[in-house]
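Undergrad: Pasting a structure below so you can have a look.
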Amino acid sequence: MSRTPRTPCGALRIAQAGQSVDVYGWVHRRRDLGGLIFIDVRDRSGIVQVKFDPVHAQAHATGGELRLETVIHVHGPVVQRPAGTENKELPTGAIEIDAQAVDILNRAQPPPFAVNEDGVVDEQLRLRYRYLDLRRQRMARNLQLRHRIAKAIRDFLDDEGFVEIETPVLIRSTPEGARDYLVPSRLNPGHVYALAQSPQLYKQLLMVAGMDRYFQIVRCYRDEDQRADRQPEFTQLDLEMSFVAEDDVLDVVERCFAHVWKQVLGVVVPTPIRRLTHVDALLRYGVDKPDLRYGLEIQELSSIFAGTEFKIFRQALGAGGVVRGLRIPRTVGGKEIDALTEAARADGAKGLAFWHREAQGWRSPITKFFTERELAGLEQATHAQPGDVVVAVADRPEVAAAALGSVRKAAARSLGLIDEGALEFVWVTEFPLFERSKETGEVTAAHHPFTSPRPEDIALLASEPLRVRARAYDLVLNGTELGSGSIRIHDPEMQQRVFSGLGMTRDDAERRFGFLLNAFRYGAPPHGGFAYGLDRVVMLAAGEQTIREVIAFPKNQQAEEVMTDAPAPADPKQLRELGLELVRPTLKQGR
RNA sequence: GGCCCCGUGGUGUAGCGGUCUAACAUGCCUCCCUGUCACGGAGGAGAUCGGCGGUUCGAAUCCGCUCGGGGUCGCCA
């Protein structure tokens, strides 16, 4: 048979009519009419119809043997389809290949699930036969989308003068942050590497090295429990820049996003992306990653109820708490109020006050406890119209914020206020530098310990560390945190002060981060950067619900790769070589 | 570790105390069919309902435990 170059199936158009071509691919579908046989041949570029006419007896006989997913090579001319038989659903629908010869390159067993459609299939089964799953149109599209996004990022950053530099995956373990994956060192018995959770320190050292503008599309490893948007190994777009302040980093990142969305999806992301301080985000939306596809802003009502007789509000305010509420521009029934109350309770609120705004005034079980003045104030603050409902929480500021944040989200969902097609990016800036750990009560870094405090708050470092704001920022899309970054510390003394704010002694700091402090002593430029989860971004761009749908070979919730059955029991010989011994060699039961 | 959801021929579903010796679609096998495109038509094979135990005269259907999968909270500096 001929050896002309391979033609991608999906590329054939009417313009190629008359040319002889060779296509290679999988049998996607067969329609055997008895005489004529039609076979759709698929490769990753698309589908083309091949006609087997009894005139070409040899080819026709082979065509009759073909089964789904058989790998074939077809040779023949591209011909225009007879008038009226074109398929307008297919890009290649105006033509077909008139098979003069066909090779069966490999026969296929019937697949365990339909490869030629995108219907729902048990995910375990899909993962076990991932190579078949990836043949399906949706997955092939997702992987190619991912490639195009990564390429758009690289093109953009290259144009902006960034250099992609690889950093080590096997690194020193640091106890902060997520649990590390450990890798024992054969040459250093008893010593371990950790798989990098992020290239953070290396990229800062690249700035000290004068690389100026660095980026990397990099695999990161975190040994934590899995979620729809969390895998043990995931990919970050990581970047760092020297001689910059917040605006410079935000500008590059948002233009990069705009470029990617334009290039890949043809969608315009308006820039500059709006910004919100962390304090405002909590006050107005109750969360640090607000979904701005809908309104329902939270309002501060404390001053209105400053002198209230209503015991619940009075007690909350007396204890230093706040009263905040939000107006729901709809009549909400008792059942829905119950659901909202449940949402508020889940975040620690004791309850949810509510008032129905009617033509004649307010109606609520608690109206009688309020003065005319208070109710007038409520009306003025919320601009409630007849038919609206106003809900409120009285509690400590953080509880009120969280509870109303959840109420806001639940109300938007149940009332259908979310515009699913909208893309609402927002920067959340001025995060706190430190936070108090919920379980241990210790002061920990809110972002990471290399984040610079805001200059005007430096004086508070020793006295009121929790009030210090950081030069840190998050990028949020539709209520999902895409990534975060900060302007870093580049001064060894400042770095020491932040370490000591975290309870580290000078010796601790020198022992664990001496290399960084040392580097800063040799002329470190001011620098800052950003990183975001590429898997999540691709997931959102693809309209998928989990990042597993945009990863070729993902792991399941137990962090297993079910196709190759990893992880596998440790080989005693390997353990011996590493100087390791299992304390409790309990092995999971085989499947 | 907690909570929630799911588990019926290869695949996707229906059935939710007796008429289920389990239905439908698709896939698979055989035959017919020369313009189909989720081709069409005729016929056939294929599941004891994840597993174990219990309730009941009777269980795919109810209950308990268990295994497997997923979601989520904790966790993810």
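Each chain in the structure tokens gets a letter, A, B, ..., in the order shown, and its residues are numbered from 1; ligands are numbered from 1 in order too.
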List every residue of region 72-250 of chain A that DSSP, applied to the backbone, labels as helix (DSSP H, G or I), and write the result as JSON, numbers by chain.
TA: {"A": [123, 124, 125, 126, 127, 128, 130, 131, 132, 133, 137, 138, 139, 140, 141, 142, 143, 144, 145, 146, 147, 148, 149, 150, 151, 152, 153, 154, 155, 156, 157, 158, 159, 200, 201, 202, 203, 204, 205, 206, 207, 208, 246, 247, 248, 249, 250]}
Undergrad: Using only C-alpha atoms (C1' of nucleotides), select each residue of chain B with any atom at most 12 Å away from an atom of chain A, and give the selection as a PyMOL selection string.
TA: chain B and resi 1+6-7+10-13+26-28+31-41+67-77
Undergrad: Which neighbours of region 506-512 of chain A fall inside 12 Å, counting only C-alpha atoms (C1' of nucleotides), when residues of the same chain fewer than 3 positions from it are skipped, and could you give them as an NGL selection string?
TA: :A and (172-176 or 449 or 492-493 or 495-503 or 515-519)
Undergrad: Write a file of the just-selected residues containing N, CA and C atoms, as a PDB file, in the first residue's frame.
TA:
```pdb
ATOM      1  N   ARG A 172      14.898  19.720  50.927  1.00  0.00           N
ATOM      2  CA  ARG A 172      14.904  19.558  52.369  1.00  0.00           C
ATOM      3  C   ARG A 172      13.473  19.703  52.898  1.00  0.00           C
ATOM      4  N   SER A 173      13.117  18.854  53.818  1.00  0.00           N
ATOM      5  CA  SER A 173      11.784  18.927  54.419  1.00  0.00           C
ATOM      6  C   SER A 173      11.715  20.074  55.416  1.00  0.00           C
ATOM      7  N   THR A 174      10.622  20.850  55.333  1.00  0.00           N
ATOM      8  CA  THR A 174      10.380  21.864  56.363  1.00  0.00           C
ATOM      9  C   THR A 174       9.028  21.553  56.979  1.00  0.00           C
ATOM     10  N   PRO A 175       8.970  21.576  58.291  1.00  0.00           N
ATOM     11  CA  PRO A 175       7.771  21.081  58.961  1.00  0.00           C
ATOM     12  C   PRO A 175       6.517  21.934  58.765  1.00  0.00           C
ATOM     13  N   GLU A 176       6.652  23.183  58.347  1.00  0.00           N
ATOM     14  CA  GLU A 176       5.441  24.001  58.180  1.00  0.00           C
ATOM     15  C   GLU A 176       4.638  23.517  56.985  1.00  0.00           C
ATOM     16  N   PRO A 449       6.074  32.307  55.706  1.00  0.00           N
ATOM     17  CA  PRO A 449       6.895  33.161  56.581  1.00  0.00           C
ATOM     18  C   PRO A 449       7.850  34.100  55.841  1.00  0.00           C
ATOM     19  N   PRO A 492      17.592  40.632  55.710  1.00  0.00           N
ATOM     20  CA  PRO A 492      17.784  39.565  56.704  1.00  0.00           C
ATOM     21  C   PRO A 492      17.243  39.940  58.082  1.00  0.00           C
ATOM     22  N   GLU A 493      17.361  41.201  58.449  1.00  0.00           N
ATOM     23  CA  GLU A 493      16.871  41.606  59.775  1.00  0.00           C
ATOM     24  C   GLU A 493      15.351  41.513  59.847  1.00  0.00           C
ATOM     25  N   GLN A 495      13.526  39.607  58.053  1.00  0.00           N
ATOM     26  CA  GLN A 495      13.185  38.186  58.028  1.00  0.00           C
ATOM     27  C   GLN A 495      13.308  37.595  59.426  1.00  0.00           C
ATOM     28  N   GLN A 496      14.355  37.983  60.127  1.00  0.00           N
ATOM     29  CA  GLN A 496      14.530  37.521  61.504  1.00  0.00           C
ATOM     30  C   GLN A 496      13.362  37.960  62.379  1.00  0.00           C
ATOM     31  N   ARG A 497      12.926  39.194  62.217  1.00  0.00           N
ATOM     32  CA  ARG A 497      11.835  39.706  63.060  1.00  0.00           C
ATOM     33  C   ARG A 497      10.554  38.924  62.808  1.00  0.00           C
ATOM     34  N   VAL A 498      10.306  38.561  61.548  1.00  0.00           N
ATOM     35  CA  VAL A 498       9.095  37.791  61.260  1.00  0.00           C
ATOM     36  C   VAL A 498       9.232  36.365  61.804  1.00  0.00           C
ATOM     37  N   PHE A 499      10.428  35.789  61.650  1.00  0.00           N
ATOM     38  CA  PHE A 499      10.649  34.458  62.237  1.00  0.00           C
ATOM     39  C   PHE A 499      10.397  34.496  63.736  1.00  0.00           C
ATOM     40  N   SER A 500      10.887  35.532  64.387  1.00  0.00           N
ATOM     41  CA  SER A 500      10.692  35.563  65.842  1.00  0.00           C
ATOM     42  C   SER A 500       9.225  35.821  66.172  1.00  0.00           C
ATOM     43  N   GLY A 501       8.514  36.539  65.290  1.00  0.00           N
ATOM     44  CA  GLY A 501       7.075  36.690  65.481  1.00  0.00           C
ATOM     45  C   GLY A 501       6.368  35.348  65.442  1.00  0.00           C
ATOM     46  N   LEU A 502       6.979  34.405  64.750  1.00  0.00           N
ATOM     47  CA  LEU A 502       6.414  33.061  64.643  1.00  0.00           C
ATOM     48  C   LEU A 502       6.932  32.153  65.743  1.00  0.00           C
ATOM     49  N   GLY A 503       7.641  32.750  66.687  1.00  0.00           N
ATOM     50  CA  GLY A 503       8.109  31.971  67.827  1.00  0.00           C
ATOM     51  C   GLY A 503       9.409  31.242  67.574  1.00  0.00           C
ATOM     52  N   PHE A 515      20.472  29.418  55.062  1.00  0.00           N
ATOM     53  CA  PHE A 515      20.851  29.641  53.664  1.00  0.00           C
ATOM     54  C   PHE A 515      20.125  30.848  53.077  1.00  0.00           C
ATOM     55  N   LEU A 516      18.876  31.058  53.512  1.00  0.00           N
ATOM     56  CA  LEU A 516      18.098  32.184  52.987  1.00  0.00           C
ATOM     57  C   LEU A 516      18.591  33.496  53.606  1.00  0.00           C
ATOM     58  N   LEU A 517      18.746  33.466  54.927  1.00  0.00           N
ATOM     59  CA  LEU A 517      19.222  34.671  55.617  1.00  0.00           C
ATOM     60  C   LEU A 517      20.586  35.058  55.072  1.00  0.00           C
ATOM     61  N   ASN A 518      21.406  34.041  54.841  1.00  0.00           N
ATOM     62  CA  ASN A 518      22.731  34.279  54.284  1.00  0.00           C
ATOM     63  C   ASN A 518      22.639  34.925  52.917  1.00  0.00           C
ATOM     64  N   ALA A 519      21.772  34.374  52.090  1.00  0.00           N
ATOM     65  CA  ALA A 519      21.612  34.902  50.736  1.00  0.00           C
ATOM     66  C   ALA A 519      21.220  36.374  50.788  1.00  0.00           C
TER      67      ALA A 519
END
```
Undergrad: Under the rule that only C-alpha atoms are counted, which of A:Glu166, A:Asp291, A:Val279, A:Leu404 is the nearest residue to Phe431 (chain A)?
TA: A:Val279
Undergrad: When you draw a straight line from CA of Glu435 (chain A) to CA of Ala400 (chain A), how long is it in Å?
TA: 18.2 Å
Undergrad: May I have all residues of region 69-175 of chain A that DSSP, computed from the backbone, assigns to strand (DSSP E or B), given as number ranges by chain?
TA: A: 71-80, 95-98, 101-106, 163-164, 170-171
Undergrad: Suppose we keep N, CA, C and O atoms; can you now write the selection as a short mmCIF file (atom, residue, chain, number, x, y, z; two decimals), in the first residue's frame?
TA:
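Result file is result-v2.cif:
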```cif
data_model
loop_
_atom_site.label_atom_id
_atom_site.label_comp_id
_atom_site.auth_asym_id
_atom_site.auth_seq_id
_atom_site.Cartn_x
_atom_site.Cartn_y
_atom_site.Cartn_z
N VAL A 71 -7.67 -0.53 14.99
CA VAL A 71 -6.78 0.49 14.45
C VAL A 71 -6.56 0.20 12.97
O VAL A 71 -6.16 -0.91 12.61
N ILE A 72 -6.84 1.18 12.13
CA ILE A 72 -6.75 0.94 10.68
C ILE A 72 -5.99 2.04 9.96
O ILE A 72 -5.79 3.14 10.48
N HIS A 73 -5.60 1.68 8.75
CA HIS A 73 -4.99 2.62 7.81
C HIS A 73 -5.82 2.54 6.54
O HIS A 73 -6.02 1.45 6.02
N VAL A 74 -6.32 3.68 6.11
CA VAL A 74 -7.17 3.70 4.92
C VAL A 74 -6.50 4.54 3.85
O VAL A 74 -6.00 5.63 4.13
N HIS A 75 -6.51 4.01 2.62
CA HIS A 75 -5.99 4.78 1.49
C HIS A 75 -7.09 4.97 0.47
O HIS A 75 -7.83 4.04 0.16
N GLY A 76 -7.20 6.18 -0.06
CA GLY A 76 -8.20 6.42 -1.09
C GLY A 76 -8.37 7.90 -1.32
O GLY A 76 -7.85 8.73 -0.58
N PRO A 77 -9.11 8.25 -2.38
CA PRO A 77 -9.32 9.66 -2.67
C PRO A 77 -10.38 10.30 -1.77
O PRO A 77 -11.32 9.62 -1.35
N VAL A 78 -10.18 11.57 -1.50
CA VAL A 78 -11.21 12.36 -0.82
C VAL A 78 -12.23 12.71 -1.88
O VAL A 78 -11.87 13.20 -2.96
N VAL A 79 -13.49 12.39 -1.61
CA VAL A 79 -14.52 12.73 -2.59
C VAL A 79 -15.63 13.54 -1.95
O VAL A 79 -15.93 13.39 -0.77
N GLN A 80 -16.21 14.40 -2.76
CA GLN A 80 -17.35 15.18 -2.28
C GLN A 80 -18.52 14.23 -2.12
O GLN A 80 -18.75 13.35 -2.96
N ILE A 95 -17.31 15.82 2.90
CA ILE A 95 -16.55 14.86 2.09
C ILE A 95 -16.52 13.49 2.75
O ILE A 95 -17.01 13.30 3.87
N GLU A 96 -15.97 12.52 2.06
CA GLU A 96 -15.70 11.20 2.64
C GLU A 96 -14.50 10.64 1.89
O GLU A 96 -14.09 11.17 0.86
N ILE A 97 -13.93 9.58 2.44
CA ILE A 97 -12.82 8.93 1.76
C ILE A 97 -13.36 7.67 1.11
O ILE A 97 -14.02 6.86 1.77
N ASP A 98 -13.09 7.53 -0.17
CA ASP A 98 -13.53 6.35 -0.90
C ASP A 98 -12.43 5.30 -0.77
O ASP A 98 -11.41 5.38 -1.46
N ALA A 101 -8.10 0.87 -0.35
CA ALA A 101 -7.35 -0.16 0.36
C ALA A 101 -7.43 0.14 1.85
O ALA A 101 -7.51 1.30 2.25
N VAL A 102 -7.44 -0.90 2.64
CA VAL A 102 -7.47 -0.71 4.10
C VAL A 102 -6.59 -1.77 4.74
O VAL A 102 -6.59 -2.93 4.33
N ASP A 103 -5.81 -1.34 5.72
CA ASP A 103 -4.99 -2.24 6.54
C ASP A 103 -5.58 -2.30 7.93
O ASP A 103 -5.90 -1.25 8.49
N ILE A 104 -5.66 -3.49 8.48
CA ILE A 104 -5.98 -3.59 9.90
C ILE A 104 -4.64 -3.59 10.63
O ILE A 104 -3.86 -4.53 10.50
N LEU A 105 -4.35 -2.52 11.35
CA LEU A 105 -3.05 -2.40 12.04
C LEU A 105 -3.08 -3.12 13.38
O LEU A 105 -2.06 -3.56 13.88
N ASN A 106 -4.27 -3.16 13.99
CA ASN A 106 -4.41 -3.89 15.24
C ASN A 106 -5.88 -4.05 15.55
O ASN A 106 -6.65 -3.11 15.44
N VAL A 163 11.92 34.01 32.34
CA VAL A 163 12.73 32.86 31.97
C VAL A 163 12.21 31.66 32.75
O VAL A 163 12.04 31.74 33.97
N GLU A 164 11.94 30.56 32.04
CA GLU A 164 11.47 29.36 32.75
C GLU A 164 12.68 28.59 33.25
O GLU A 164 13.57 28.23 32.47
N LEU A 170 13.43 17.12 44.73
CA LEU A 170 13.91 16.52 45.97
C LEU A 170 14.57 17.61 46.80
O LEU A 170 15.62 18.12 46.44
N ILE A 171 13.90 17.99 47.89
CA ILE A 171 14.42 19.12 48.66
C ILE A 171 14.42 18.79 50.15
O ILE A 171 13.98 17.72 50.57
#
```
Undergrad: For C63 (chain B), list every protein, DNA or RNA residue within 12 Å, evaluated using only C-alpha atoms (C1' of nucleotides), and leave out those in the same chain fewer than 3 positions away; present the list as a compact mmCIF listing (two decimals) with C-alpha atoms (C1' of nucleotides), in the first residue's frame.
TA:
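That gives us selection-v4.txt:
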```txt
# COMPACT_ATOMS: atom_id res chain seq x y z
C1' G B 53 -25.55 -11.47 58.62
C1' G B 54 -30.54 -10.44 60.25
C1' U B 55 -36.09 -9.32 59.98
C1' U B 56 -40.06 -11.90 57.25
C1' A B 59 -35.80 -9.54 50.23
```
Undergrad: I'd like to know which of A:Leu187, A:Leu378, A:Ile304, A:Val264 is closest to Val322 (chain A), using only C-alpha atoms.
TA: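 Smallest separation from Val322 (chain A) among the options: A:Ile304.
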Undergrad: Can you pull out the residues contacting Arg471 (chain A)? Cut-off 6 Å, using only C-alpha atoms (C1' of nucleotides), and skip same-chain residues under 5 positions away; I want them as a PyMOL selection string.
TA: chain A and resi 430+452-454+486-487
Undergrad: Output N, CA and C atoms for every residue in that selection, as an mmCIF file, in the first residue's frame.
TA:
```cif
data_model
loop_
_atom_site.group_PDB
_atom_site.id
_atom_site.type_symbol
_atom_site.label_atom_id
_atom_site.label_comp_id
_atom_site.auth_asym_id
_atom_site.auth_seq_id
_atom_site.Cartn_x
_atom_site.Cartn_y
_atom_site.Cartn_z
ATOM 1 N N GLU A 430 -3.998 42.885 51.025
ATOM 2 C CA GLU A 430 -3.761 43.259 52.432
ATOM 3 C C GLU A 430 -4.217 42.175 53.404
ATOM 4 N N SER A 452 6.311 39.821 53.168
ATOM 5 C CA SER A 452 6.668 41.108 53.750
ATOM 6 C C SER A 452 5.476 41.742 54.459
ATOM 7 N N PRO A 453 5.705 42.300 55.637
ATOM 8 C CA PRO A 453 4.643 43.094 56.261
ATOM 9 C C PRO A 453 4.500 44.434 55.532
ATOM 10 N N ARG A 454 3.323 45.042 55.654
ATOM 11 C CA ARG A 454 3.176 46.379 55.077
ATOM 12 C C ARG A 454 3.982 47.358 55.912
ATOM 13 N N SER A 486 2.761 37.303 47.097
ATOM 14 C CA SER A 486 3.108 38.382 48.003
ATOM 15 C C SER A 486 4.396 39.054 47.559
ATOM 16 N N ILE A 487 4.604 40.237 48.118
ATOM 17 C CA ILE A 487 5.923 40.849 48.066
ATOM 18 C C ILE A 487 6.691 40.220 49.217
#
```
